[in-house]
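Dropping final_12.txt in here (compact mmCIF, C-alpha atoms):
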```
# COMPACT_ATOMS: atom_id res chain seq x y z
CA MET A 371 96.64 157.77 -20.04
CA GLN A 372 97.15 154.45 -18.27
CA LEU A 373 100.46 152.61 -17.94
CA GLY A 374 100.98 148.87 -18.09
CA VAL A 375 103.87 146.43 -17.77
CA ASN A 376 104.74 143.40 -19.89
CA VAL A 377 105.88 140.84 -17.30
CA PRO A 378 108.22 138.04 -18.48
CA ASN A 379 106.34 134.76 -17.99
CA PHE A 380 109.26 132.74 -19.33
CA GLY A 381 112.99 132.21 -18.92
CA PRO A 382 115.41 130.60 -16.48
CA GLY A 383 114.81 133.15 -13.73
CA THR A 384 111.03 132.90 -13.81
CA ALA A 385 109.17 130.86 -11.20
CA PRO A 386 105.83 131.20 -9.39
CA GLY A 387 107.41 133.24 -6.60
CA VAL A 388 108.98 135.65 -9.08
CA LEU A 389 105.71 136.05 -10.97
CA SER A 390 103.83 136.80 -7.76
CA GLU A 391 106.47 139.38 -6.83
CA TRP A 392 106.12 140.95 -10.26
CA ALA A 393 102.37 141.23 -9.66
CA ARG A 394 102.86 142.72 -6.20
CA ILE A 395 105.29 145.34 -7.53
CA VAL A 396 103.29 146.25 -10.65
CA GLU A 397 100.09 146.70 -8.66
CA GLY A 398 101.85 148.30 -5.70
CA LEU A 399 103.55 150.92 -7.87
CA GLY A 400 100.18 151.97 -9.22
CA PHE A 401 100.45 150.60 -12.75
CA ASP A 402 97.12 149.96 -14.40
CA LEU A 403 97.76 146.80 -16.41
CA LEU A 404 99.90 143.65 -16.18
CA MET A 405 100.37 141.68 -19.40
CA VAL A 406 102.10 138.40 -20.33
CA SER A 407 103.17 136.75 -23.57
CA ASP A 408 102.10 133.57 -25.35
CA HIS A 409 103.77 130.45 -26.70
CA VAL A 410 102.48 126.90 -26.59
CA VAL A 411 105.36 124.69 -27.76
CA ASN A 412 109.00 125.30 -26.87
CA THR A 413 110.33 124.69 -30.39
CA PRO A 414 113.91 125.79 -31.19
CA ASP A 415 112.81 129.08 -32.78
CA VAL A 416 110.83 129.94 -29.64
CA ALA A 417 113.44 128.68 -27.17
CA GLY A 418 116.11 130.90 -28.71
CA ARG A 419 114.21 134.01 -27.65
CA TYR A 420 111.90 132.84 -24.87
CA PRO A 421 113.29 129.70 -23.23
CA ALA A 422 111.52 127.41 -20.80
CA PRO A 423 109.86 127.51 -18.46
CA PHE A 424 107.10 129.30 -20.35
CA TYR A 425 103.98 129.80 -18.27
CA GLU A 426 100.78 129.54 -20.33
CA PRO A 427 99.06 132.96 -20.33
CA PHE A 428 95.47 132.06 -19.42
CA THR A 429 96.64 129.83 -16.58
CA THR A 430 99.09 132.45 -15.35
CA LEU A 431 96.61 135.33 -15.52
CA SER A 432 93.93 133.28 -13.75
CA TRP A 433 96.35 132.67 -10.89
CA LEU A 434 97.46 136.31 -10.81
CA ALA A 435 93.83 137.43 -10.79
CA GLY A 436 93.47 135.68 -7.44
CA ILE A 437 96.46 137.40 -5.87
CA THR A 438 95.75 140.92 -7.16
CA ALA A 439 92.81 143.21 -6.52
CA ARG A 440 92.97 146.20 -8.87
CA VAL A 441 95.40 145.84 -11.73
CA ARG A 442 94.01 144.81 -15.11
CA LEU A 443 95.39 141.64 -16.71
CA GLY A 444 96.11 140.91 -20.34
CA THR A 445 97.97 139.15 -23.14
CA THR A 446 100.55 140.84 -25.34
CA VAL A 447 99.93 139.04 -27.48
CA LEU A 448 97.96 135.79 -27.63
CA VAL A 449 98.77 133.97 -30.89
CA LEU A 450 95.20 133.61 -32.04
CA PRO A 451 95.56 130.80 -34.64
CA TYR A 452 97.03 128.41 -32.03
CA ARG A 453 93.69 127.70 -30.32
CA HIS A 454 90.15 127.10 -31.48
CA PRO A 455 88.34 130.45 -31.32
CA LEU A 456 85.46 129.05 -29.28
CA LEU A 457 87.95 127.82 -26.68
CA VAL A 458 89.58 131.27 -26.59
CA ALA A 459 86.16 132.88 -26.26
CA ARG A 460 85.24 130.67 -23.30
CA MET A 461 88.59 131.04 -21.51
CA ALA A 462 88.61 134.80 -22.00
CA THR A 463 85.00 135.14 -20.84
CA ASN A 464 85.59 133.07 -17.73
CA LEU A 465 88.82 134.86 -16.83
CA ASN A 466 87.10 138.20 -17.32
CA GLN A 467 84.22 137.11 -15.06
CA LEU A 468 86.49 135.63 -12.37
CA SER A 469 88.69 138.73 -12.30
CA GLY A 470 85.81 141.18 -12.08
CA GLY A 471 86.07 142.44 -15.65
CA ARG A 472 89.81 143.05 -15.63
CA LEU A 473 90.88 141.20 -18.81
CA VAL A 474 92.41 142.76 -21.92
CA LEU A 475 92.88 140.33 -24.81
CA GLY A 476 95.80 141.36 -26.98
CA VAL A 477 96.06 139.12 -30.06
CA GLY A 478 98.38 138.62 -33.00
CA VAL A 479 99.17 136.31 -35.90
CA GLY A 480 102.43 134.84 -34.55
CA TRP A 481 105.85 134.39 -36.12
CA ALA A 482 107.36 131.01 -35.03
CA ARG A 483 107.07 128.70 -38.04
CA GLN A 484 108.32 125.62 -36.17
CA GLU A 485 105.73 126.17 -33.44
CA PHE A 486 102.97 126.40 -36.06
CA ASP A 487 104.22 123.12 -37.57
CA ALA A 488 104.25 121.43 -34.16
CA LEU A 489 100.64 122.48 -33.58
CA GLY A 490 99.51 121.46 -37.05
CA VAL A 491 98.47 125.00 -37.97
CA PRO A 492 99.45 126.23 -41.47
CA PHE A 493 101.96 129.04 -41.05
CA THR A 494 101.17 130.69 -44.38
CA ALA A 495 97.46 130.89 -43.49
CA ARG A 496 97.99 132.60 -40.13
CA GLY A 497 96.70 136.00 -41.26
CA ARG A 498 93.50 134.59 -42.72
CA LEU A 499 93.00 132.35 -39.68
CA THR A 500 93.45 135.29 -37.33
CA ASP A 501 90.78 137.27 -39.17
CA GLU A 502 88.41 134.29 -39.08
CA HIS A 503 89.04 133.70 -35.39
CA LEU A 504 88.39 137.35 -34.57
CA VAL A 505 85.02 137.12 -36.31
CA ALA A 506 84.24 133.90 -34.44
CA LEU A 507 85.23 135.47 -31.10
CA ARG A 508 82.93 138.41 -31.62
CA LYS A 509 80.04 136.15 -32.60
CA ALA A 510 80.54 133.84 -29.61
CA TRP A 511 80.62 136.78 -27.20
CA HIS A 512 77.56 138.34 -28.81
CA ASP A 513 75.62 135.09 -28.58
CA GLU A 514 76.55 134.50 -24.93
CA ALA A 515 76.44 138.07 -23.61
CA ASP A 516 74.82 138.15 -20.18
CA GLY A 517 74.87 141.89 -19.60
CA HIS A 518 76.53 141.51 -16.21
CA THR A 519 80.25 141.57 -17.07
CA ALA A 520 82.01 144.22 -19.14
CA PRO A 521 82.99 142.97 -22.61
CA VAL A 522 86.58 141.91 -23.17
CA PRO A 523 88.50 144.58 -25.12
CA VAL A 524 90.50 143.16 -28.02
CA TRP A 525 93.79 144.84 -28.86
CA VAL A 526 95.14 143.73 -32.23
CA GLY A 527 98.92 143.60 -32.47
CA GLY A 528 100.95 143.85 -35.62
CA ASN A 529 103.35 146.44 -36.99
CA SER A 530 102.70 145.64 -40.65
CA GLU A 531 100.10 147.27 -42.87
CA ALA A 532 98.11 144.03 -42.65
CA GLY A 533 98.21 144.23 -38.85
CA ILE A 534 97.04 147.85 -38.92
CA ARG A 535 94.17 146.97 -41.27
CA ARG A 536 93.24 144.05 -39.00
CA ALA A 537 93.11 146.34 -35.97
CA ILE A 538 90.86 148.77 -37.85
CA SER A 539 88.55 145.98 -39.05
CA PHE A 540 88.34 143.81 -35.94
CA GLY A 541 89.94 145.47 -32.92
CA ASP A 542 89.11 147.81 -30.10
CA ALA A 543 92.67 149.18 -30.30
CA TRP A 544 95.81 148.93 -32.40
CA HIS A 545 98.58 147.46 -30.24
CA PRO A 546 101.96 147.97 -31.96
CA LEU A 547 105.04 146.42 -30.42
CA ARG A 548 108.33 148.24 -29.81
CA GLY A 549 108.39 151.02 -32.41
CA THR A 550 109.89 154.47 -32.83
CA LEU A 551 107.89 157.59 -32.08
CA PRO A 552 108.08 158.98 -35.66
CA TRP A 553 106.74 155.71 -37.08
CA MET A 554 103.87 155.46 -34.59
CA ARG A 555 103.03 159.14 -35.14
CA SER A 556 102.87 158.54 -38.89
CA VAL A 557 100.54 155.55 -38.52
CA VAL A 558 98.22 157.34 -36.09
CA ARG A 559 97.96 160.39 -38.32
CA ASN A 560 97.40 158.43 -41.54
CA HIS A 561 94.90 155.80 -40.39
CA SER A 562 91.49 155.88 -38.73
CA LEU A 563 92.42 153.64 -35.80
CA PRO A 564 89.78 152.42 -33.33
CA ALA A 565 92.15 153.37 -30.49
CA PHE A 566 95.89 153.33 -29.82
CA ALA A 567 97.59 151.24 -27.09
CA PRO A 568 101.26 150.65 -27.88
CA ARG A 569 103.72 148.37 -26.14
CA ILE A 570 107.10 150.10 -26.03
CA ALA A 571 110.53 149.10 -24.81
CA LEU A 572 111.76 150.08 -21.36
CA ARG A 573 115.52 150.54 -21.18
CA LEU A 574 116.77 153.17 -18.75
CA THR A 575 120.22 154.63 -19.51
CA THR A 576 122.41 157.14 -17.71
CA ALA A 577 123.30 159.07 -20.89
CA PRO A 578 120.84 160.30 -23.54
CA ILE A 579 120.42 158.23 -26.71
CA SER A 580 120.75 160.38 -29.82
CA ASP A 581 120.16 157.69 -32.47
CA PRO A 582 117.31 158.86 -34.76
CA GLU A 583 116.06 155.24 -34.79
CA ARG A 584 115.85 155.17 -30.99
CA LEU A 585 112.98 152.98 -29.83
CA ALA A 586 110.37 154.75 -27.75
CA GLY A 587 110.94 153.96 -24.08
CA THR A 588 114.73 153.81 -24.29
CA GLY A 589 117.11 156.40 -22.94
CA THR A 590 117.32 158.57 -19.86
CA LEU A 591 114.42 158.98 -17.48
CA ASP A 592 113.66 162.37 -19.03
CA GLN A 593 113.66 160.88 -22.54
CA ILE A 594 111.29 158.09 -21.52
CA LEU A 595 108.94 160.48 -19.74
CA ASP A 596 108.93 162.70 -22.83
CA ASP A 597 108.10 159.63 -24.97
CA LEU A 598 105.15 158.89 -22.69
CA ASP A 599 103.99 162.50 -22.90
CA GLN A 600 104.19 162.45 -26.70
CA LEU A 601 102.27 159.17 -26.86
CA HIS A 602 99.64 160.70 -24.61
CA ARG A 603 99.38 163.66 -26.98
CA LEU A 604 99.03 161.21 -29.89
CA GLY A 605 95.95 159.77 -28.21
CA ALA A 606 97.27 156.59 -26.62
CA HIS A 607 94.85 155.50 -23.92
CA THR A 608 97.34 152.94 -22.53
CA VAL A 609 101.08 152.41 -22.95
CA VAL A 610 102.61 149.07 -21.95
CA LEU A 611 106.26 149.11 -20.87
CA ASP A 612 108.34 146.09 -21.90
CA PRO A 613 111.54 145.66 -19.84
CA TYR A 614 112.68 142.46 -21.61
CA HIS A 615 115.30 142.95 -24.32
CA GLY A 616 115.95 139.47 -25.66
CA ASP A 617 118.57 138.06 -23.27
CA PRO A 618 117.03 135.22 -21.21
CA GLU A 619 119.54 135.88 -18.43
CA GLU A 620 117.66 139.13 -17.78
CA THR A 621 114.94 137.04 -16.17
CA ARG A 622 117.41 136.17 -13.40
CA ARG A 623 117.78 139.89 -12.62
CA PRO A 624 114.21 141.22 -12.26
CA HIS A 625 115.36 143.83 -9.73
CA GLU A 626 116.88 145.86 -12.58
CA ALA A 627 113.48 146.12 -14.26
CA TRP A 628 111.76 146.81 -10.94
CA GLN A 629 114.11 149.73 -10.27
CA ALA A 630 113.38 151.24 -13.69
CA LEU A 631 109.64 150.81 -13.18
CA THR A 632 109.87 152.42 -9.75
CA ALA A 633 111.62 155.45 -11.24
CA ILE A 634 109.03 155.74 -14.02
CA ALA A 635 106.10 155.37 -11.62
CA ALA A 636 107.40 158.01 -9.23
CA ARG A 637 107.99 160.64 -11.93
CA TRP A 638 104.88 159.83 -13.96
CA ARG A 639 102.60 160.28 -10.96
CA THR A 640 104.05 163.69 -10.16
CA SER A 641 103.95 164.89 -13.77
CA SER A 642 100.43 163.65 -14.60
```
I'd like the structure from this file rewritten - as structure tokens, please.
Amino acid sequence: MQLGVNVPNFGPGTAPGVLSEWARIVEGLGFDLLMVSDHVVNTPDVAGRYPAPFYEPFTTLSWLAGITARVRLGTTVLVLPYRHPLLVARMATNLNQLSGGRLVLGVGVGWARQEFDALGVPFTARGRLTDEHLVALRKAWHDEADGHTAPVPVWVGGNSEAGIRRAISFGDAWHPLRGTLPWMRSVVRNHSLPAFAPRIALRLTTAPISDPERLAGTGTLDQILDDLDQLHRLGAHTVVLDPYHGDPEETRRPHEAWQALTAIAARWRTSS
């Protein structure tokens, strides 16, 4: 099983130098995948959770592709209805080619109504539009396939039943975001998923968390490593660790996340 990291590409503590240090650390620690998030317009509903500056994901990943050599690069998740699908197809294809086939395209329907309004995209049609865009992406890639670059894997995010059905119909993997182990186990056992690549929280604590609703990836180092082992046993081919917990001030303290990732990397390598 591979491990990835969701790197904050937003917030008051984020700058080009911090992003490049994130990339150096993620690749240097041996993680397999570096992913970033997506927003286009800094509307109030977005700014409350993910304030400016917000670095656009394709631009950011293109730059990081040039300063990394091995780590895969991806979006978790690109809000698919925000951009014309043919534009997404071209940008994804070019980034995949320029990075040597390292792109993973995680996609989702989005949630920020004010951002949809600002972009002139109907919020209530976002599910239908996402399905249509996924079909258009596949067609564009099929029509332009050159046989020289590996195809871009599409991970479909979404914790709802509609998101699960969308992953089964259109995705190369279901990419749930920040769930509990019992819930993910239930979904995996009750659906014929194409593959399973969850993004889980990463919050390292000194004392065990006994809450039955504990999110996977939270707790002591032993608890987190056990979560990873259980996800491996469930068939996850990749798990993405998300060290951001909603407070923008966290982006001013990346060393805290780097220390947790260092601890995970050291123990995971010895136990794998």
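Between CA of His503 (chain A) and CA of Tyr425 (chain A) the separation is 23.1 Å.
Distance-wise, CA of Asp597 (chain A) and CA of Leu551 (chain A) end up 7.4 Å apart.
Straight-line separation from CA of Ala577 (chain A) to CA of Thr550 (chain A): 18.5 Å.
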Find the residues with any atom within 6 Å of (118.5, 134.1, -18.0); use only C-alpha atoms and the coordinates as given in the file, and write the answer as a VMD selection string. chain A and resid 381 to 383 618 to 622
Any idea what's packed within 12 Å of Leu574 (chain A), counting all atoms listed in the file, ignoring anything in its chain fewer than 6 positions away? Could you give it as a count of residues only? 25
With all atoms of region 398-416 of chain A from the file as input, state the centre and edge lengths in Å to one decimal of the axis-aligned box that has 5 Å extra on each side, as lines of an AutoDock Vina configuration file.
```
center_x = 105.5
center_y = 138.3
center_z = -19.2
size_x = 26.8
size_y = 37.3
size_z = 37.1
```
Close residues, Arg472 (chain A) itself excluded, 12 Å, only C-alpha atoms, min 4 positions apart in chain, as a list in words: Asp402, Leu403, Leu404, Met405, Leu431, Ser432, Leu434, Ala435, Gly436, Thr438, Ala439, Arg440, Val441, Arg442, Leu443, Gly444, Thr445, Ala462, Thr463, Asn464, Leu465, Asn466, Gln467, Leu468, Thr519, Ala520, Pro521, Val522 and Pro523 of chain A
Exercise: residues within 12 Å of coordinate (89.3, 148.0, -37.2), counting all atoms listed in the file, as a PyMOL selection string: chain A and resi 501+504-505+524-527+532-545+561-566
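Distance check against Ala385 (chain A) using only C-alpha atoms: of A:Thr430, A:Arg555, A:Leu399, A:Val610, the minimum falls on A:Thr430.
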What's around Leu489 (chain A) at 9 Å? Count all atoms listed in the file, leave out sequence neighbours fewer than 3 positions away in its own chain, and write the answer as a list in words. Val410, Val411, Tyr452, Gln484, Glu485, Phe486 and Pro492 of chain A
Of the candidates A:Val474, A:Met554, A:Leu448, A:Ala635, which shows the shortest atom-to-atom distance to Gln600 (chain A), using all atoms listed in the file? A:Met554
I'd like the neighbourhood of Asn379 (chain A) as number ranges by chain, where a residue qualifies if any of its atoms comes within 8 Å (using all atoms listed in the file), though same-chain residues fewer than 2 positions away should be ignored. A: 377, 381, 384, 389, 406-407, 424-427
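Distance check against Gly497 (chain A) using all atoms listed in the file: of A:Ile437, A:Val449, A:Leu473, A:Ala510, the minimum falls on A:Val449.
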Can I get a file of region 379-457 of chain A from the given structure, C-alpha atoms kept, as a PDB file, in the first residue's frame?
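See result-v3.pdb below for the written result:
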```
ATOM      1  CA  ASN A 379      -1.878  24.972  -0.837  1.00  0.00           C
ATOM      2  CA  PHE A 380      -3.724  27.770   0.932  1.00  0.00           C
ATOM      3  CA  GLY A 381      -3.719  29.850   4.103  1.00  0.00           C
ATOM      4  CA  PRO A 382      -1.739  32.672   5.680  1.00  0.00           C
ATOM      5  CA  GLY A 383       1.364  30.574   6.273  1.00  0.00           C
ATOM      6  CA  THR A 384       1.587  29.227   2.746  1.00  0.00           C
ATOM      7  CA  ALA A 385       4.058  30.701   0.263  1.00  0.00           C
ATOM      8  CA  PRO A 386       6.185  29.309  -2.582  1.00  0.00           C
ATOM      9  CA  GLY A 387       9.070  28.569  -0.223  1.00  0.00           C
ATOM     10  CA  VAL A 388       6.803  26.665   2.152  1.00  0.00           C
ATOM     11  CA  LEU A 389       5.281  24.660  -0.694  1.00  0.00           C
ATOM     12  CA  SER A 390       8.713  23.712  -2.002  1.00  0.00           C
ATOM     13  CA  GLU A 391       9.742  22.634   1.502  1.00  0.00           C
ATOM     14  CA  TRP A 392       6.590  20.533   1.758  1.00  0.00           C
ATOM     15  CA  ALA A 393       7.552  18.835  -1.508  1.00  0.00           C
ATOM     16  CA  ARG A 394      11.122  18.247  -0.350  1.00  0.00           C
ATOM     17  CA  ILE A 395       9.943  16.690   2.915  1.00  0.00           C
ATOM     18  CA  VAL A 396       7.160  14.551   1.410  1.00  0.00           C
ATOM     19  CA  GLU A 397       9.470  13.148  -1.255  1.00  0.00           C
ATOM     20  CA  GLY A 398      12.449  12.905   1.092  1.00  0.00           C
ATOM     21  CA  LEU A 399      10.505  10.908   3.679  1.00  0.00           C
ATOM     22  CA  GLY A 400       9.608   8.363   1.033  1.00  0.00           C
ATOM     23  CA  PHE A 401       5.918   9.148   0.615  1.00  0.00           C
ATOM     24  CA  ASP A 402       4.494   8.097  -2.719  1.00  0.00           C
ATOM     25  CA  LEU A 403       2.030  10.874  -3.512  1.00  0.00           C
ATOM     26  CA  LEU A 404       1.655  14.620  -2.892  1.00  0.00           C
ATOM     27  CA  MET A 405      -1.825  16.081  -3.374  1.00  0.00           C
ATOM     28  CA  VAL A 406      -3.329  19.585  -3.204  1.00  0.00           C
ATOM     29  CA  SER A 407      -6.846  21.001  -3.009  1.00  0.00           C
ATOM     30  CA  ASP A 408      -8.932  23.137  -5.354  1.00  0.00           C
ATOM     31  CA  HIS A 409     -10.822  26.414  -5.183  1.00  0.00           C
ATOM     32  CA  VAL A 410     -11.068  29.085  -7.852  1.00  0.00           C
ATOM     33  CA  VAL A 411     -12.774  32.069  -6.194  1.00  0.00           C
ATOM     34  CA  ASN A 412     -12.132  33.162  -2.610  1.00  0.00           C
ATOM     35  CA  THR A 413     -15.809  33.706  -1.750  1.00  0.00           C
ATOM     36  CA  PRO A 414     -16.764  34.060   1.942  1.00  0.00           C
ATOM     37  CA  ASP A 415     -17.799  30.404   2.288  1.00  0.00           C
ATOM     38  CA  VAL A 416     -14.418  29.308   0.929  1.00  0.00           C
ATOM     39  CA  ALA A 417     -12.374  31.910   2.831  1.00  0.00           C
ATOM     40  CA  GLY A 418     -13.829  30.775   6.140  1.00  0.00           C
ATOM     41  CA  ARG A 419     -12.204  27.369   5.756  1.00  0.00           C
ATOM     42  CA  TYR A 420      -9.411  27.901   3.241  1.00  0.00           C
ATOM     43  CA  PRO A 421      -8.334  31.553   3.219  1.00  0.00           C
ATOM     44  CA  ALA A 422      -6.082  33.265   0.710  1.00  0.00           C
ATOM     45  CA  PRO A 423      -3.613  32.858  -0.696  1.00  0.00           C
ATOM     46  CA  PHE A 424      -5.000  29.815  -2.494  1.00  0.00           C
ATOM     47  CA  TYR A 425      -2.607  28.408  -5.061  1.00  0.00           C
ATOM     48  CA  GLU A 426      -4.396  26.992  -8.124  1.00  0.00           C
ATOM     49  CA  PRO A 427      -3.786  23.224  -8.246  1.00  0.00           C
ATOM     50  CA  PHE A 428      -2.694  22.691 -11.860  1.00  0.00           C
ATOM     51  CA  THR A 429      -0.289  25.624 -11.668  1.00  0.00           C
ATOM     52  CA  THR A 430       1.065  24.470  -8.316  1.00  0.00           C
ATOM     53  CA  LEU A 431       1.495  20.842  -9.361  1.00  0.00           C
ATOM     54  CA  SER A 432       3.202  21.858 -12.606  1.00  0.00           C
ATOM     55  CA  TRP A 433       5.735  23.844 -10.600  1.00  0.00           C
ATOM     56  CA  LEU A 434       6.197  21.046  -8.060  1.00  0.00           C
ATOM     57  CA  ALA A 435       6.687  18.550 -10.880  1.00  0.00           C
ATOM     58  CA  GLY A 436       9.794  20.508 -11.859  1.00  0.00           C
ATOM     59  CA  ILE A 437      11.307  20.434  -8.383  1.00  0.00           C
ATOM     60  CA  THR A 438      10.557  16.785  -7.581  1.00  0.00           C
ATOM     61  CA  ALA A 439      11.755  13.615  -9.268  1.00  0.00           C
ATOM     62  CA  ARG A 440       9.820  10.631  -7.930  1.00  0.00           C
ATOM     63  CA  VAL A 441       6.736  11.506  -5.939  1.00  0.00           C
ATOM     64  CA  ARG A 442       3.382  11.319  -7.721  1.00  0.00           C
ATOM     65  CA  LEU A 443       1.261  14.484  -7.837  1.00  0.00           C
ATOM     66  CA  GLY A 444      -2.479  14.868  -7.582  1.00  0.00           C
ATOM     67  CA  THR A 445      -5.645  16.768  -6.702  1.00  0.00           C
ATOM     68  CA  THR A 446      -7.815  15.970  -3.708  1.00  0.00           C
ATOM     69  CA  VAL A 447     -10.117  16.997  -5.082  1.00  0.00           C
ATOM     70  CA  LEU A 448     -10.524  19.081  -8.237  1.00  0.00           C
ATOM     71  CA  VAL A 449     -14.055  20.532  -8.339  1.00  0.00           C
ATOM     72  CA  LEU A 450     -14.919  19.207 -11.762  1.00  0.00           C
ATOM     73  CA  PRO A 451     -17.893  21.464 -12.675  1.00  0.00           C
ATOM     74  CA  TYR A 452     -15.760  24.628 -12.284  1.00  0.00           C
ATOM     75  CA  ARG A 453     -13.878  24.156 -15.576  1.00  0.00           C
ATOM     76  CA  HIS A 454     -14.790  23.049 -19.066  1.00  0.00           C
ATOM     77  CA  PRO A 455     -14.025  19.324 -19.293  1.00  0.00           C
ATOM     78  CA  LEU A 456     -11.942  19.720 -22.444  1.00  0.00           C
ATOM     79  CA  LEU A 457      -9.758  22.262 -20.639  1.00  0.00           C
TER      80      LEU A 457
END
```
